[in-house]
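Peer 1: Can you read through this structure? Questions will come right after.
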Amino acid sequence: MSIFKKIITAVRGGAREAGEAIIDANSTRIFEQEIRDSEKHITIAKRDLTEVMAKQMQAARELTQLEASVKEHEGYAVQALNKGNEALAIEVAEKIAELENRVAEQHQANESYLKNADRLKELIRKSERQLADYKRQLSMVKTTESVQKATSAITDNFTASNSKLLSAKDSLERIKEKQALYDDKLKAAEQLASENTDTSLQNKLKEAGIGAQQSNAQSILDRLKAK
């Protein structure tokens, strides 16, 4: 049983590592999607804020109407008292009490809408500032990734270029060696050919002072004096 638990733990650990690897590999994409999701939530929050503000406006309008109605009925009560109709004045007073209760309720509702609207506005402002910061960070992250990819590509290309340059250098050296060998073969062939001709023999006789010599002014003068 203990071995089985360890196997399960190992599988869970492997799954976690695989999950973390996937997250790391797609972290920028995940961050960008989270920003888009946040934008949608802010849009929804703004729509909700609009509804709250609309209800607050309605509550404020109803409050104004109720307060006007209270004043109106207070005038009626005064008129009834002035005419000595106390019973009617009491009935109007009861209506005024009802209206004042509604005024208090509507005033409370209006204040609640105002506070909620202010709170939502502040939350939306904070969220938008945070979202703007995240967008700037995302831009920097993408730029950094692009630079890193470019640097990696340049490094790889440089390494590959160095390998190709070294290979080209080797090829050039081999070509030069081959050409030098060919030149040496030509020189050796010319030397061998000259050694196998009468010209080579004549040059050797001339060097030894044997055979016909070229005439020059001094040799001619010596010959004439001998006669």
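Labels for the structure tokens follow display order: chains A, B, ..., residues from 1 in each chain, ligands from 1.
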Leaving out Lys121 of chain A and any residue of its chain fewer than 5 positions from it, which residues lie within 10 Å of it when counting only C-alpha atoms, given as a count of residues only?

Peer 2: 7

Peer 1: Please list as a list in words every residue within 12 Å of Arg61 of chain A, counting only C-alpha atoms and excluding residues in the same chain fewer than 5 positions away.

Peer 2: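 Skipping anything fewer than 5 positions along the chain leaves Ala54, Lys55, Gln56, Leu66, Glu67, Ala68, Val103, Gln106, His107, Ala109 and Asn110 of chain A.
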
Peer 1: Would you mind telling me which residue in A:Lys178, A:Arg102, A:Arg125, A:Lys142 lies nearest to Thr64 of chain A when using only C-alpha atoms?

Peer 2: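 Using only C-alpha atoms, Thr64 of chain A sits closest to A:Arg102.
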
Peer 1: If you measure from atom CA of Glu94 of chain A to atom CA of Ser69 of chain A, what distance in Å do you get, rounded to one decimal?

Peer 2: 13.1 Å

Peer 1: Between atom CA of Ala89 of chain A and atom CA of Glu72 of chain A, what is the distance in Å, rounded to a tenth?

Peer 2: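 Here the two named atoms are 12.9 Å from each other.
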
Peer 1: Calculated over only C-alpha atoms, which of the candidates A:Ala226, A:Ala93, A:Ala189, A:Met53 has the smallest distance to Arg119 of chain A?

Peer 2: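 With only C-alpha atoms as the atom set, the closest residue is A:Met53.
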
Peer 1: Quick check, in Å to one decimal: how far apart do atom CA of Arg36 of chain A and atom CA of Arg129 of chain A lie?

Peer 2: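 We find that atom CA of Arg36 of chain A and atom CA of Arg129 of chain A lie 14.5 Å from each other.
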